[in-house]
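The file run-v3.cif comes next; it holds mmCIF, C-alpha atoms.
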```cif
data_coords
#
loop_
_atom_site.label_atom_id
_atom_site.label_comp_id
_atom_site.auth_asym_id
_atom_site.auth_seq_id
_atom_site.Cartn_x
_atom_site.Cartn_y
_atom_site.Cartn_z
CA MET A 1 105.67 2.14 -89.28
CA LEU A 2 102.64 -0.05 -88.65
CA TYR A 3 99.33 1.32 -89.96
CA LYS A 4 95.64 0.48 -89.68
CA GLU A 5 92.80 1.78 -91.79
CA PHE A 6 89.97 3.46 -89.92
CA LYS A 7 87.03 4.68 -91.99
CA GLY A 8 89.27 5.49 -94.94
CA ASP A 9 92.13 7.00 -92.92
CA LYS A 10 95.50 5.25 -92.91
CA LEU A 11 96.50 5.79 -89.27
CA SER A 12 99.93 5.15 -87.85
CA GLN A 13 99.31 2.77 -84.95
CA LEU A 14 101.57 4.94 -82.79
CA GLY A 15 100.23 8.42 -82.13
CA TYR A 16 101.93 11.36 -80.45
CA GLY A 17 100.13 12.40 -77.26
CA LEU A 18 100.89 16.07 -76.61
CA MET A 19 100.27 16.16 -72.86
CA ARG A 20 103.87 15.63 -71.69
CA LEU A 21 105.94 17.81 -74.00
CA PRO A 22 109.48 18.89 -73.04
CA VAL A 23 109.58 22.07 -70.98
CA THR A 24 112.12 24.75 -70.13
CA GLU A 25 113.32 25.65 -66.63
CA THR A 26 110.40 28.08 -66.34
CA GLY A 27 107.87 25.35 -67.09
CA ALA A 28 107.00 26.64 -70.55
CA ILE A 29 106.90 24.22 -73.48
CA ASP A 30 110.32 23.94 -75.12
CA GLU A 31 109.05 24.67 -78.63
CA ALA A 32 112.40 24.07 -80.32
CA GLU A 33 112.76 20.61 -78.78
CA THR A 34 109.11 19.81 -79.42
CA THR A 35 109.59 20.75 -83.06
CA LYS A 36 112.46 18.25 -83.34
CA LEU A 37 110.28 15.53 -81.84
CA VAL A 38 107.32 16.24 -84.12
CA GLU A 39 109.50 16.44 -87.21
CA TYR A 40 111.19 13.14 -86.36
CA ALA A 41 107.79 11.53 -85.78
CA LEU A 42 106.54 12.73 -89.17
CA GLU A 43 109.71 11.55 -90.93
CA CYS A 44 109.24 8.09 -89.40
CA GLY A 45 105.60 7.82 -90.44
CA VAL A 46 103.76 8.90 -87.28
CA ASN A 47 100.79 10.87 -88.60
CA TYR A 48 98.41 11.25 -85.62
CA PHE A 49 98.77 14.06 -83.08
CA ASP A 50 96.56 14.31 -80.01
CA THR A 51 96.13 17.49 -77.99
CA ALA A 52 93.47 18.89 -75.65
CA TYR A 53 92.24 22.22 -74.28
CA PRO A 54 93.90 21.91 -70.83
CA TYR A 55 97.23 20.35 -71.89
CA HIS A 56 100.18 22.47 -70.75
CA GLY A 57 97.84 25.15 -69.51
CA GLY A 58 96.34 25.66 -72.96
CA ASN A 59 99.67 25.96 -74.77
CA SER A 60 99.86 22.47 -76.27
CA GLU A 61 97.30 23.42 -78.94
CA ILE A 62 99.24 26.54 -79.85
CA VAL A 63 102.62 24.82 -80.11
CA ILE A 64 101.38 21.94 -82.26
CA GLY A 65 99.54 24.44 -84.45
CA ASN A 66 102.76 26.43 -84.96
CA ILE A 67 104.63 23.28 -85.98
CA LEU A 68 102.06 21.54 -88.16
CA LYS A 69 101.18 24.68 -90.14
CA ASN A 70 104.44 24.08 -92.02
CA HIS A 71 103.16 20.75 -93.35
CA PRO A 72 100.41 19.97 -95.88
CA ARG A 73 97.07 19.63 -94.09
CA ASP A 74 96.46 16.20 -95.57
CA SER A 75 99.81 14.85 -94.30
CA PHE A 76 98.68 14.49 -90.68
CA PHE A 77 95.64 13.77 -88.53
CA LEU A 78 94.96 16.19 -85.67
CA ALA A 79 92.83 15.34 -82.64
CA ASP A 80 91.51 17.72 -79.99
CA LYS A 81 89.03 17.48 -77.11
CA PHE A 82 86.18 19.42 -75.51
CA PRO A 83 86.84 19.95 -71.76
CA GLY A 84 83.43 19.05 -70.37
CA HIS A 85 85.15 17.17 -67.54
CA ILE A 86 86.59 20.37 -66.06
CA ILE A 87 84.54 21.83 -63.24
CA CYS A 88 83.33 25.32 -64.20
CA ASP A 89 80.18 27.40 -64.44
CA ASP A 90 79.84 27.47 -68.22
CA HIS A 91 80.08 24.55 -70.65
CA THR A 92 78.88 26.32 -73.78
CA PRO A 93 80.77 24.46 -76.53
CA ALA A 94 80.96 26.97 -79.41
CA PRO A 95 83.45 29.51 -77.95
CA ILE A 96 85.91 26.82 -76.92
CA PHE A 97 85.68 24.95 -80.23
CA GLU A 98 86.28 28.13 -82.22
CA GLU A 99 89.22 28.99 -79.98
CA GLN A 100 90.72 25.53 -80.47
CA LEU A 101 90.54 25.81 -84.26
CA GLN A 102 92.23 29.19 -84.05
CA LYS A 103 94.98 28.02 -81.70
CA CYS A 104 95.70 24.94 -83.81
CA GLN A 105 95.54 27.05 -86.99
CA VAL A 106 93.27 24.59 -88.82
CA ASP A 107 89.82 24.71 -90.40
CA TYR A 108 88.78 21.30 -89.11
CA PHE A 109 89.80 18.53 -86.72
CA ASP A 110 90.24 15.05 -88.09
CA TYR A 111 89.31 13.52 -84.74
CA TYR A 112 87.45 15.27 -81.94
CA LEU A 113 86.63 13.85 -78.53
CA LEU A 114 84.41 14.67 -75.60
CA HIS A 115 87.14 14.69 -72.97
CA ASN A 116 86.98 12.25 -70.07
CA VAL A 117 83.36 11.20 -69.77
CA THR A 118 83.37 10.12 -66.14
CA GLU A 119 81.18 10.11 -63.06
CA CYS A 120 82.04 13.75 -62.40
CA SER A 121 81.28 14.93 -65.94
CA LEU A 122 78.49 12.67 -67.20
CA ASP A 123 75.69 15.00 -66.10
CA THR A 124 77.38 17.91 -67.87
CA TYR A 125 77.60 15.99 -71.14
CA LEU A 126 74.00 14.81 -70.86
CA ASP A 127 72.51 18.16 -69.76
CA PRO A 128 70.35 19.52 -72.64
CA LYS A 129 70.88 23.12 -71.53
CA TRP A 130 74.48 22.99 -72.81
CA GLY A 131 73.63 21.10 -76.00
CA ILE A 132 77.19 19.77 -76.18
CA MET A 133 76.61 16.69 -78.29
CA ASP A 134 74.07 18.43 -80.53
CA TYR A 135 76.62 21.15 -81.25
CA PHE A 136 79.39 18.72 -82.19
CA ILE A 137 77.08 16.58 -84.31
CA GLU A 138 76.33 19.75 -86.26
CA GLN A 139 80.05 20.58 -86.58
CA LYS A 140 80.60 17.13 -88.02
CA LYS A 141 77.82 17.70 -90.57
CA GLN A 142 79.57 20.93 -91.56
CA GLY A 143 82.88 19.09 -92.07
CA ARG A 144 84.66 20.84 -89.21
CA ILE A 145 84.97 17.48 -87.43
CA ARG A 146 85.66 14.38 -89.48
CA HIS A 147 85.34 11.74 -86.75
CA LEU A 148 83.63 12.17 -83.38
CA GLY A 149 84.47 10.14 -80.28
CA PHE A 150 85.09 10.35 -76.55
CA SER A 151 87.71 9.52 -73.97
CA THR A 152 86.94 8.09 -70.57
CA HIS A 153 88.41 7.05 -67.25
CA GLY A 154 84.90 6.31 -66.03
CA GLU A 155 83.36 3.20 -64.57
CA ILE A 156 81.49 0.70 -66.75
CA PRO A 157 77.96 1.89 -65.76
CA THR A 158 78.93 5.44 -66.72
CA ILE A 159 80.27 4.35 -70.11
CA LYS A 160 77.15 2.27 -70.73
CA LYS A 161 74.86 5.18 -69.92
CA PHE A 162 76.76 7.50 -72.23
CA LEU A 163 76.76 4.98 -75.07
CA GLU A 164 73.05 4.32 -74.64
CA ARG A 165 72.39 8.04 -75.06
CA TYR A 166 74.86 8.94 -77.80
CA GLY A 167 76.46 5.75 -79.12
CA GLU A 168 74.88 6.05 -82.58
CA HIS A 169 76.76 9.31 -83.16
CA LEU A 170 80.18 8.13 -81.93
CA GLU A 171 82.90 6.38 -83.90
CA PHE A 172 85.72 5.73 -81.43
CA CYS A 173 86.56 5.69 -77.74
CA GLN A 174 89.88 6.39 -76.01
CA LEU A 175 90.53 4.09 -73.04
CA GLN A 176 93.31 3.64 -70.49
CA ILE A 177 94.68 0.22 -71.37
CA ASN A 178 97.88 -1.45 -70.23
CA TYR A 179 98.79 -4.86 -68.89
CA VAL A 180 98.14 -3.81 -65.28
CA ASP A 181 94.86 -1.92 -65.76
CA TRP A 182 93.58 -4.77 -67.92
CA THR A 183 92.40 -6.20 -64.59
CA LEU A 184 93.05 -3.45 -62.02
CA GLN A 185 90.75 -0.92 -63.72
CA GLN A 186 88.61 -3.41 -65.67
CA SER A 187 90.08 -2.25 -68.98
CA LYS A 188 89.24 -5.60 -70.55
CA GLU A 189 85.56 -5.20 -69.76
CA LYS A 190 85.59 -1.59 -70.99
CA TYR A 191 87.36 -2.65 -74.18
CA ASP A 192 84.77 -5.37 -74.78
CA LEU A 193 81.92 -2.93 -74.09
CA VAL A 194 83.21 -0.38 -76.58
CA ARG A 195 83.81 -3.05 -79.23
CA SER A 196 80.30 -4.45 -78.76
CA ASN A 197 78.94 -1.00 -79.57
CA GLY A 198 80.81 -0.95 -82.87
CA LEU A 199 83.37 1.72 -81.91
CA GLY A 200 87.09 1.69 -82.65
CA VAL A 201 89.38 1.66 -79.63
CA TRP A 202 92.11 4.24 -79.01
CA VAL A 203 94.62 3.49 -76.21
CA MET A 204 96.02 6.00 -73.74
CA GLU A 205 98.45 5.41 -70.87
CA PRO A 206 100.06 2.26 -72.35
CA VAL A 207 102.98 2.66 -69.93
CA ARG A 208 100.81 4.08 -67.10
CA GLY A 209 102.42 7.52 -67.10
CA GLY A 210 105.86 5.93 -67.01
CA ARG A 211 105.16 3.67 -64.03
CA LEU A 212 105.48 0.49 -66.12
CA VAL A 213 108.97 1.37 -67.30
CA LYS A 214 110.18 1.72 -63.72
CA LEU A 215 109.94 -1.90 -62.59
CA ASP A 216 112.08 -3.13 -59.74
CA PRO A 217 115.09 -5.34 -60.61
CA LYS A 218 113.29 -8.61 -59.81
CA GLN A 219 110.30 -7.74 -61.98
CA GLU A 220 112.52 -6.59 -64.81
CA ALA A 221 114.62 -9.78 -64.54
CA ARG A 222 111.52 -11.91 -65.13
CA LEU A 223 110.86 -10.10 -68.38
CA LYS A 224 114.51 -10.13 -69.44
CA GLU A 225 114.66 -13.87 -68.91
CA ARG A 226 111.98 -14.27 -71.56
CA HIS A 227 113.23 -11.64 -74.01
CA PRO A 228 116.61 -10.07 -73.24
CA GLU A 229 116.20 -7.86 -76.31
CA TYR A 230 112.97 -6.24 -75.10
CA SER A 231 112.87 -3.04 -73.08
CA GLN A 232 110.17 -2.58 -70.45
CA ALA A 233 108.38 -0.31 -72.94
CA ASP A 234 108.45 -3.09 -75.55
CA TRP A 235 106.31 -5.27 -73.30
CA CYS A 236 103.79 -2.46 -72.74
CA PHE A 237 103.30 -1.63 -76.41
CA ARG A 238 103.33 -5.23 -77.61
CA PHE A 239 100.56 -5.99 -75.11
CA VAL A 240 98.22 -3.44 -76.70
CA GLN A 241 99.32 -4.33 -80.24
CA GLU A 242 97.73 -7.74 -79.62
CA LEU A 243 94.24 -6.26 -79.28
CA PRO A 244 92.41 -6.53 -82.64
CA ASP A 245 90.21 -3.43 -82.44
CA VAL A 246 92.90 -1.05 -81.22
CA TYR A 247 93.50 1.37 -84.06
CA MET A 248 95.59 3.95 -82.22
CA THR A 249 98.00 3.87 -79.27
CA LEU A 250 99.04 7.23 -77.88
CA SER A 251 102.33 7.87 -76.16
CA GLY A 252 103.31 11.13 -74.46
CA MET A 253 106.93 11.21 -75.56
CA THR A 254 108.99 13.87 -73.78
CA THR A 255 112.49 13.02 -74.99
CA MET A 256 114.05 12.03 -78.29
CA MET A 257 115.19 8.78 -76.70
CA GLN A 258 111.58 7.86 -75.95
CA MET A 259 110.50 8.86 -79.44
CA VAL A 260 113.20 6.80 -81.16
CA SER A 261 112.50 3.78 -78.96
CA ASN A 262 108.73 3.85 -79.48
CA VAL A 263 108.98 4.39 -83.23
CA SER A 264 111.32 1.40 -83.40
CA ILE A 265 108.80 -0.78 -81.55
CA TYR A 266 106.07 0.24 -84.00
CA ASN A 267 108.12 -0.69 -87.02
CA SER A 268 107.13 -4.32 -86.54
CA PHE A 269 104.53 -6.51 -84.89
CA VAL A 270 105.78 -9.56 -83.01
CA PRO A 271 102.93 -11.43 -81.29
CA LEU A 272 103.35 -12.40 -77.65
CA THR A 273 103.38 -16.13 -77.02
CA LEU A 274 101.27 -17.79 -74.33
CA GLU A 275 104.42 -18.02 -72.20
CA ASP A 276 105.09 -14.31 -72.73
CA LYS A 277 101.56 -13.42 -71.65
CA ALA A 278 101.85 -15.60 -68.55
CA VAL A 279 105.04 -13.85 -67.47
CA LEU A 280 103.51 -10.44 -68.09
CA ALA A 281 100.44 -11.41 -66.09
CA SER A 282 102.64 -12.51 -63.19
CA VAL A 283 104.40 -9.13 -63.18
CA ALA A 284 101.00 -7.39 -63.20
CA VAL A 285 99.88 -9.42 -60.18
CA ASP A 286 103.11 -8.57 -58.40
CA LEU A 287 102.66 -4.85 -59.10
CA THR A 288 99.13 -4.80 -57.67
CA SER A 289 99.67 -7.09 -54.70
CA GLN A 290 100.16 -4.21 -52.28
CA GLY A 291 97.35 -3.42 -49.92
CA PRO A 292 94.36 -5.40 -48.67
CA GLN A 293 93.12 -8.25 -50.83
CA CYS A 294 89.40 -7.66 -50.47
CA THR A 295 87.15 -10.38 -51.93
CA ALA A 296 84.15 -8.01 -52.23
CA CYS A 297 81.90 -10.27 -50.16
CA ARG A 298 80.21 -7.05 -48.93
CA TYR A 299 79.51 -8.36 -45.41
CA CYS A 300 81.03 -5.11 -44.15
CA VAL A 301 78.71 -2.82 -46.08
CA ASP A 302 75.54 -3.63 -44.16
CA LYS A 303 77.29 -2.78 -40.88
CA CYS A 304 78.68 0.59 -42.03
CA PRO A 305 76.63 3.44 -40.46
CA MET A 306 77.95 5.85 -43.12
CA GLY A 307 76.87 3.72 -46.07
CA ILE A 308 80.39 3.59 -47.50
CA ASP A 309 80.92 1.25 -50.43
CA ILE A 310 83.87 -0.39 -48.70
CA PRO A 311 84.80 -2.95 -51.41
CA ARG A 312 84.97 -0.17 -53.98
CA ILE A 313 87.17 1.92 -51.69
CA MET A 314 89.44 -1.08 -51.10
CA GLU A 315 89.80 -1.55 -54.85
CA LEU A 316 90.68 2.11 -55.36
CA TYR A 317 93.13 1.93 -52.46
CA ARG A 318 95.11 -0.80 -54.25
CA ASP A 319 95.14 1.43 -57.32
CA LEU A 320 96.36 4.32 -55.15
CA LEU A 321 99.20 2.26 -53.70
CA PHE A 322 100.27 1.19 -57.19
CA ALA A 323 100.45 4.74 -58.56
CA LEU A 324 98.59 7.89 -57.56
CA SER A 325 96.75 9.45 -60.48
CA PRO A 326 94.16 12.26 -60.74
CA THR A 327 91.52 9.74 -61.81
CA ILE A 328 91.46 8.27 -58.30
CA GLY A 329 90.55 11.63 -56.79
CA MET A 330 87.91 12.10 -59.48
CA ARG A 331 86.31 8.79 -58.58
CA ILE A 332 86.26 9.67 -54.90
CA ASP A 333 84.79 13.12 -55.66
CA ALA A 334 82.02 11.42 -57.66
CA MET A 335 80.91 9.43 -54.62
CA PRO A 336 78.01 10.82 -52.56
CA GLU A 337 79.05 13.20 -49.81
CA GLY A 338 79.21 11.42 -46.49
CA SER A 339 80.32 8.12 -48.01
CA ARG A 340 83.97 8.81 -48.85
CA PRO A 341 87.07 7.52 -47.03
CA ALA A 342 87.34 10.74 -45.01
CA ASP A 343 83.77 10.19 -43.74
CA CYS A 344 84.66 6.94 -41.96
CA ILE A 345 83.96 7.35 -38.21
CA GLN A 346 86.38 4.53 -37.25
CA CYS A 347 83.67 2.53 -35.46
CA GLY A 348 85.26 -0.78 -36.48
CA ASN A 349 81.97 -2.53 -37.29
CA CYS A 350 83.32 -3.42 -40.75
CA SER A 351 86.38 -5.24 -39.45
CA THR A 352 84.34 -7.42 -37.13
CA MET A 353 82.42 -8.69 -40.18
CA CYS A 354 85.40 -9.16 -42.50
CA PRO A 355 86.21 -12.85 -43.24
CA GLN A 356 89.69 -11.76 -44.39
CA ASP A 357 90.37 -9.94 -41.09
CA LEU A 358 91.28 -6.73 -42.93
CA ASP A 359 91.95 -3.53 -41.00
CA ILE A 360 89.39 -1.51 -42.90
CA PRO A 361 89.40 1.56 -40.61
CA PHE A 362 93.15 1.92 -41.21
CA VAL A 363 92.62 1.80 -44.97
CA MET A 364 89.96 4.52 -44.77
CA LYS A 365 92.17 6.75 -42.62
CA ASP A 366 95.28 6.21 -44.75
CA PHE A 367 93.34 6.75 -47.97
CA ALA A 368 91.92 10.04 -46.67
CA GLU A 369 95.32 11.23 -45.49
CA ARG A 370 96.99 10.44 -48.80
CA LEU A 371 94.27 12.25 -50.75
CA SER A 372 94.45 15.27 -48.42
CA LYS A 373 98.05 15.79 -49.56
CA THR A 374 97.02 16.04 -53.21
CA LYS A 375 94.90 18.57 -55.05
CA SER A 376 91.21 17.86 -55.43
CA TRP A 377 89.74 17.63 -58.92
CA ALA A 378 87.95 20.94 -58.28
CA GLN A 379 91.33 22.61 -57.53
CA VAL A 380 92.93 21.07 -60.61
CA SER A 381 90.05 22.28 -62.78
CA LYS A 382 90.29 25.81 -61.41
CA GLU A 383 94.04 25.94 -62.03
CA ARG A 384 93.64 24.69 -65.59
CA LEU A 385 90.99 27.27 -66.37
CA GLU A 386 93.14 30.04 -64.91
CA ALA A 387 96.13 28.87 -66.92
CA ASN A 388 94.07 28.94 -70.12
CA LYS A 389 93.02 32.53 -69.42
CA LYS A 390 96.68 33.57 -69.41
CA VAL A 391 97.51 32.00 -72.77
CA ILE A 392 98.45 34.48 -75.49
CA ARG A 393 96.23 33.57 -78.44
CA PRO A 394 97.69 33.52 -81.96
#
```
Target format C-alpha cells, applied to this file:
Amino acid sequence: MLYKEFKGDKLSQLGYGLMRLPVTETGAIDEAETTKLVEYALECGVNYFDTAYPYHGGNSEIVIGNILKNHPRDSFFLADKFPGHIICDDHTPAPIFEEQLQKCQVDYFDYYLLHNVTECSLDTYLDPKWGIMDYFIEQKKQGRIRHLGFSTHGEIPTIKKFLERYGEHLEFCQLQINYVDWTLQQSKEKYDLVRSNGLGVWVMEPVRGGRLVKLDPKQEARLKERHPEYSQADWCFRFVQELPDVYMTLSGMTTMMQMVSNVSIYNSFVPLTLEDKAVLASVAVDLTSQGPQCTACRYCVDKCPMGIDIPRIMELYRDLLFALSPTIGMRIDAMPEGSRPADCIQCGNCSTMCPQDLDIPFVMKDFAERLSKTKSWAQVSKERLEANKKVIRP
C-alpha cells in the first residue's frame, strides 16, 4: 500500500469512502458484507475511513462504528462531516457532533470536515448566529478533532471567500478531481487554489460515481491500445496519483471486486507518460463533446430580458449531458430566482446574437425539463433529515 505523511499521520493514499456501501434487498446496509470489505481493507493497509451524517440515511456512521470498535483506536483514521450544506431550520453544531461521536463509538475524530461548502451553504457556514467554525475550532483545541478541513463542490469564488474567512484554521480540502472534471469543473484551478493556501488536497469522485469505468468500446480501445494491462479504473486512479499535493483519494467501494482492484492499483505508483496523458485527455474531450460548444463570448447575455447567465448555463448543460449529479441541481438552486433555465421566456434574442449559431432556447427548455424529473436539493435535504430521524441510535 502506498502511504503519504500528513502532519505526522501515515495515511494510506487510498481511503474507503462509506457513501456507497453494499445494501440488502430492503435498502438497508448489508453489515456482514460491509464488515468483510472493511476487514479486507485494513488487512491490505487501508487505514482511512470517511463517513458523513447523511450517508445511508444516517446509518453509515453506525455501521462503521460497529466494525471499527473491534480494532485498536490508533490503527485507523476516521473522518466525519458536519452537514451544514443540508437545508434545514437549525444548524446548531453541538448536538450533531455529539451524536456523531456516539454513533461512531469514538471519543474523537481524526479528520473532520465542514461538508460541501457551496453556493447554497456558504451563508450558513459564515453566519455568526450558528457559530459553526468557532465551535469546531474549540473541539479541535479540546482534542476531539485532530485535523479540521472542508469538502466542496462549489465554484472558485465561493471557495476563495471561505478560505479568506477561515483558511488559517483549515488543514485540508476535499475536492472532486478526475481526468474529466480537471477541465469540465475547473478542478485544476480549484486544486491550485487550495494548494496556494497551504492546504492538503483530498480527492473524491476519482471515477465520477462510476461513470468513468463505463466507457464506450471505442473510448476503451484507445486506452487499451496504450496499456492493455490497465483497467478503466487504473487510468482514473493513476491520474490523481500524479498530483503532488494529493494526500488521500477516496473510493466508494461497494463490492469486493472493486476493493481488490483498487487496493491492487495502490500497491504501486507508475507515472503516466506524456503519451499516456495525451490519450487520456483525448478521451476526456470525447466524453464532454456532447451539447453546445459555447465560447463564452457573452454577446447573448446583454440581450436576455431575464438576466440569465447563459454561458454558465451552457457549461452546466454539458456537465448534465455527461452525467447527472446532485451538484448540478445545487448550482442551479444557488442562482438568483428568475434567472434559471426554467425562467427562460423563449424570446430567442440570445440566438440572434450567438456567433456559434447555438439554439440557446432549446438548451434552456431541455435543461429545465431534465431537472424537473429529478429531486431538488431542498427535497433531497428534507429526505435525508427525515431518514436520520428514523435511525436507531446505539
Using all atoms listed in the file, find each residue in segment 314-392 of chain A having at least one atom no more than 12 Å away from segment 96-115 of chain A; report its shortest atom-to-atom pair and that distance in Å (one decimal), rows by chain then rising number, as CSV.
```
residue,atom,partner,partner_atom,distance
A:Leu385,CA,A:Ile96,CA,11.7
A:Asn388,CA,A:Ile96,CA,10.8
A:Lys389,CA,A:Glu99,CA,11.8
A:Val391,CA,A:Lys103,CA,10.1
A:Ile392,CA,A:Lys103,CA,9.6
```
Neighbouring residues of segment 124-136 of chain A were defined as those with any atom within 8 Å, considering all atoms listed in the file; residues of the same chain fewer than 2 positions away were excluded. Please report them as a VMD selection string. chain A and resid 84 to 85 91 to 94 117 121 to 122 138 to 140 145 148 162 166
Result set of the PyMOL selection byres ((chain A and resi 153) around 8) on the coordinates above, as a list in words: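 Matching residues under the PyMOL selection byres ((chain A and resi 153) around 8) are Asn116, Val117, Thr118, Ser151, Thr152, Gly154, Glu155, Leu175, Gln176 and Thr327 of chain A.
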Counting only C-alpha atoms, figure out which residue out of A:Asp9, A:Thr273, A:Val263, A:Asp30 gets nearest to Leu42 of chain A.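 Among the listed residues, A:Val263 lies closest to Leu42 of chain A.
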Put a box with edges along x, y and z around all the listed atoms of segment 100-116 of chain A, pad it by 5 Å on each side, then give me its centre and sizes in Å, one decimal, as lines of an AutoDock Vina configuration file.
```
center_x = 90.1
center_y = 20.7
center_z = -80.2
size_x = 21.3
size_y = 26.9
size_z = 30.3
```
